[in-house]
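Chemist: Let me give you the structure first, and then I'll get to my questions.
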Amino acid sequence: MRWKKTLQVVDVHCEGEIGKVITSTTLDVPGATMLDKLVHLNRVDDSLRRLVCFEPRGFAQMTVNLVLPPTRPDADAGFIVLQPDKAHPMSGSNAICVVTALLETGMLAMREPETTVRLDTAAGLVTVTAACQDGKVTSAAIETSPSFVQDLDLVLETSDFGRIKLDVAYGGCFYGLIDVGQLGLTIAPQNAHALMRAGTAILTELAAKVPVAHPERPQINQFSYVMFRDIRGDLVQTCTVLKPGRVDRSPCGTGSSANLAAMQARGLVKTGDSLTSESIIGSRFRVEMLGETTVGNRPAVLPRVTGRAWIYGISQLGLDPTDPFPRGFALSDTWGPHVDEIL
């Protein structure tokens, strides 16, 4: 064996969604801030993301999280979300995976009954309170970025579904939030393929027709996901669709935060209220509204999302210098109909 690169990887899932964690402490990415590093990964050098996310080392139904030294003194660690289409600023399920991996492997000291971990992300500082017992992180509560609405009831003319209404909101990433009943579908495992095809098509049209930009972090200026939702009082069914073509197995922390902002803008929730977000496989997050603030001149909410993660393996990933696929590959039979957009 003559690997020219070796990565230590902790295999984790959060409520069913795989969020692998690269814990190789020698890795870093150019940039003075985590947002600068995100831009570098997306615009300058995407080789690491492609190496770990694409086949034959990766697969469509997973995310890989890159743990980095923090760029700010009030953080314990930094991380960036690597997915097949690009690197993303933040993910709730993946923040839970990262904290679980850091504490349970001893990379950060665990203190029972609670350990506070501050994560430096491209979306800002994220504070995670991990409940700990007998060396295990039993749950993690994320106080994430202020979440806000850009558009309520935006009308989008689509090629496949005609005119639909959606909310454009930010919860660490930009989302198109769509009431699933408009498509004549329900959020259920047997509809995952139909939801994936619909979501990727709508996401493509959103990206082409609707500009977005964070008021204080202008480099965050793209849609990341479409989230289908079915609001039933304080229970919200969610199904987030990721490019090039798959659905999130978790209830989606950033999407649930964006949806919380949309519900608050409609007067459906207020400070102190809590919701349950339920994924397509029935796993759940608790979503709380801690307060109100502003982002630029936009009203915003302060969310807290609580969920659980489990380590299921530890592995080493390597690259032989003669490997013909250092940048990986993806095929539409498993990656979905929009695979050409990421290759």
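Ligands are numbered from 1 in the order shown, chains are lettered A, B, ... in the order of the structure tokens, and residues start at 1 in each chain.
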Among the residues of range 1-49 of chain A, find those DSSP assigns to alpha helix (DSSP H) from the backbone and print them as number ranges by chain.
Modeler: A: 34-43, 47-49
Chemist: Considering only C-alpha atoms, return as a ChimeraX atom specification whatever protein or nucleic-acid residues lie within 6 Å of range 157-171 of chain A, sequence-local ones (same chain, fewer than 6 positions apart) excluded.
Modeler: /A:147-151,177-178,254,257-258
Chemist: Looking at A:Val180, A:Ile311, A:Leu319, A:Val117, which one is nearest to Ser47 in chain A, with distances taken over only C-alpha atoms?
Modeler: A:Leu319
Chemist: Show me a table, sorted first by chain and then by increasing residue number, of the residues of range 150-252 of chain A having an atom at most 9 Å from range 56-61 of chain A, each with its shortest atom pair and the distance in Å to one decimal, counting only C-alpha atoms and written as JSON lines.
Modeler:
{"residue": "A:Pro244", "atom": "CA", "partner": "A:Ala60", "partner_atom": "CA", "distance": 8.4}
{"residue": "A:Gly245", "atom": "CA", "partner": "A:Ala60", "partner_atom": "CA", "distance": 8.0}
{"residue": "A:Arg246", "atom": "CA", "partner": "A:Gln61", "partner_atom": "CA", "distance": 6.8}
{"residue": "A:Val247", "atom": "CA", "partner": "A:Gln61", "partner_atom": "CA", "distance": 8.0}
{"residue": "A:Asp248", "atom": "CA", "partner": "A:Gln61", "partner_atom": "CA", "distance": 8.0}
{"residue": "A:Arg249", "atom": "CA", "partner": "A:Gln61", "partner_atom": "CA", "distance": 8.6}
Chemist: Write out the residues from the selection above, keeping N, CA and C atoms, as a tab-separated table (two decimals), in the first residue's frame.
Modeler:
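Once written, result-v6.tsv looks like this:
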chain	number	residue	atom	x	y	z
A	244	PRO	N	-27.26	16.07	-6.30
A	244	PRO	CA	-27.96	16.04	-7.58
A	244	PRO	C	-29.28	15.30	-7.55
A	245	GLY	N	-29.57	14.53	-6.49
A	245	GLY	CA	-30.85	13.86	-6.44
A	245	GLY	C	-30.98	12.86	-5.32
A	246	ARG	N	-31.35	13.34	-4.12
A	246	ARG	CA	-31.66	12.45	-3.02
A	246	ARG	C	-32.42	13.23	-1.95
A	247	VAL	N	-32.99	12.52	-0.98
A	247	VAL	CA	-33.68	13.19	0.11
A	247	VAL	C	-32.92	12.97	1.41
A	248	ASP	N	-33.00	13.98	2.28
A	248	ASP	CA	-32.40	13.92	3.61
A	248	ASP	C	-33.16	12.90	4.45
A	249	ARG	N	-32.44	12.05	5.13
A	249	ARG	CA	-33.07	11.06	6.01
A	249	ARG	C	-33.42	11.66	7.38
Chemist: Please measure the separation of CA of Glu288 in chain A and CA of Asn191 in chain A, giving the value in Å to one decimal.
Modeler: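 We find that CA of Glu288 in chain A and CA of Asn191 in chain A lie 28.3 Å from each other.
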Chemist: Tell me, counting only C-alpha atoms, for each residue of range 48-72 of chain A within 12 Å of range 91-96 of chain A, which pair of atoms is nearest and how far apart they are in Å to one decimal, in rows ordered by chain and increasing number, as a tab-separated table.
Modeler:
residue	atom	partner	partner_atom	distance
A:Met62	CA	A:Asn94	CA	10.2
A:Thr63	CA	A:Asn94	CA	7.8
A:Val64	CA	A:Asn94	CA	8.5
A:Asn65	CA	A:Asn94	CA	7.1
A:Leu66	CA	A:Asn94	CA	10.3
A:Val67	CA	A:Ala95	CA	10.4
Chemist: Could the residues in this selection be saved with C-alpha atoms as an mmCIF file, in the first residue's frame?
Modeler:
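What follows is the written file out_20.cif:
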data_model
loop_
_atom_site.group_PDB
_atom_site.id
_atom_site.type_symbol
_atom_site.label_atom_id
_atom_site.label_comp_id
_atom_site.auth_asym_id
_atom_site.auth_seq_id
_atom_site.Cartn_x
_atom_site.Cartn_y
_atom_site.Cartn_z
ATOM 1 C CA MET A 62 -24.229 10.767 2.725
ATOM 2 C CA THR A 63 -22.378 13.902 3.748
ATOM 3 C CA VAL A 64 -18.732 14.252 4.765
ATOM 4 C CA ASN A 65 -17.799 16.860 7.368
ATOM 5 C CA LEU A 66 -14.359 18.415 7.394
ATOM 6 C CA VAL A 67 -13.171 19.324 10.905
#
Chemist: Contacts between range 12-29 of chain A and range 219-332 of chain A, please, where a residue of range 219-332 of chain A counts if it comes within 6 Å (with only C-alpha atoms); show its shortest atom pair and distance in Å to one decimal, rows by chain and ascending number, as a tab-separated table.
Modeler:
residue	atom	partner	partner_atom	distance
A:Arg249	CA	A:Glu17	CA	4.7
A:Ser250	CA	A:Glu17	CA	5.1
A:Ser283	CA	A:Glu15	CA	5.6
A:Arg308	CA	A:Cys14	CA	5.7
A:Ala309	CA	A:Cys14	CA	4.0
A:Trp310	CA	A:Val12	CA	5.5
A:Ile311	CA	A:Val12	CA	4.3
A:Tyr312	CA	A:Val12	CA	5.8
Chemist: Which one is closest to Thr200 in chain A: A:Arg118, A:His88, A:Lys136, A:Lys243? Count only C-alpha atoms.
Modeler: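 The closest residue to Thr200 in chain A is A:Lys243.
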Chemist: What lies within 12 Å of Leu268 in chain A using only C-alpha atoms, ignoring chain neighbours under 5 positions off, as a PyMOL selection string?
Modeler: chain A and resi 231-234+259-263+273-275+289
Chemist: From a DSSP calculation on the backbone, collect every residue of range 39-130 of chain A in strand (DSSP E) and output the set as a VMD selection string.
Modeler: chain A and resid 63 to 68 77 to 82 87 to 88 114 to 121 124 to 130
Chemist: Measuring between only C-alpha atoms, which one of A:Asp320, A:Leu82, A:Pro30, A:Lys37 shows the shortest distance to Cys53 in chain A?
Modeler: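 The shortest atom-to-atom distance to Cys53 in chain A comes from A:Leu82.
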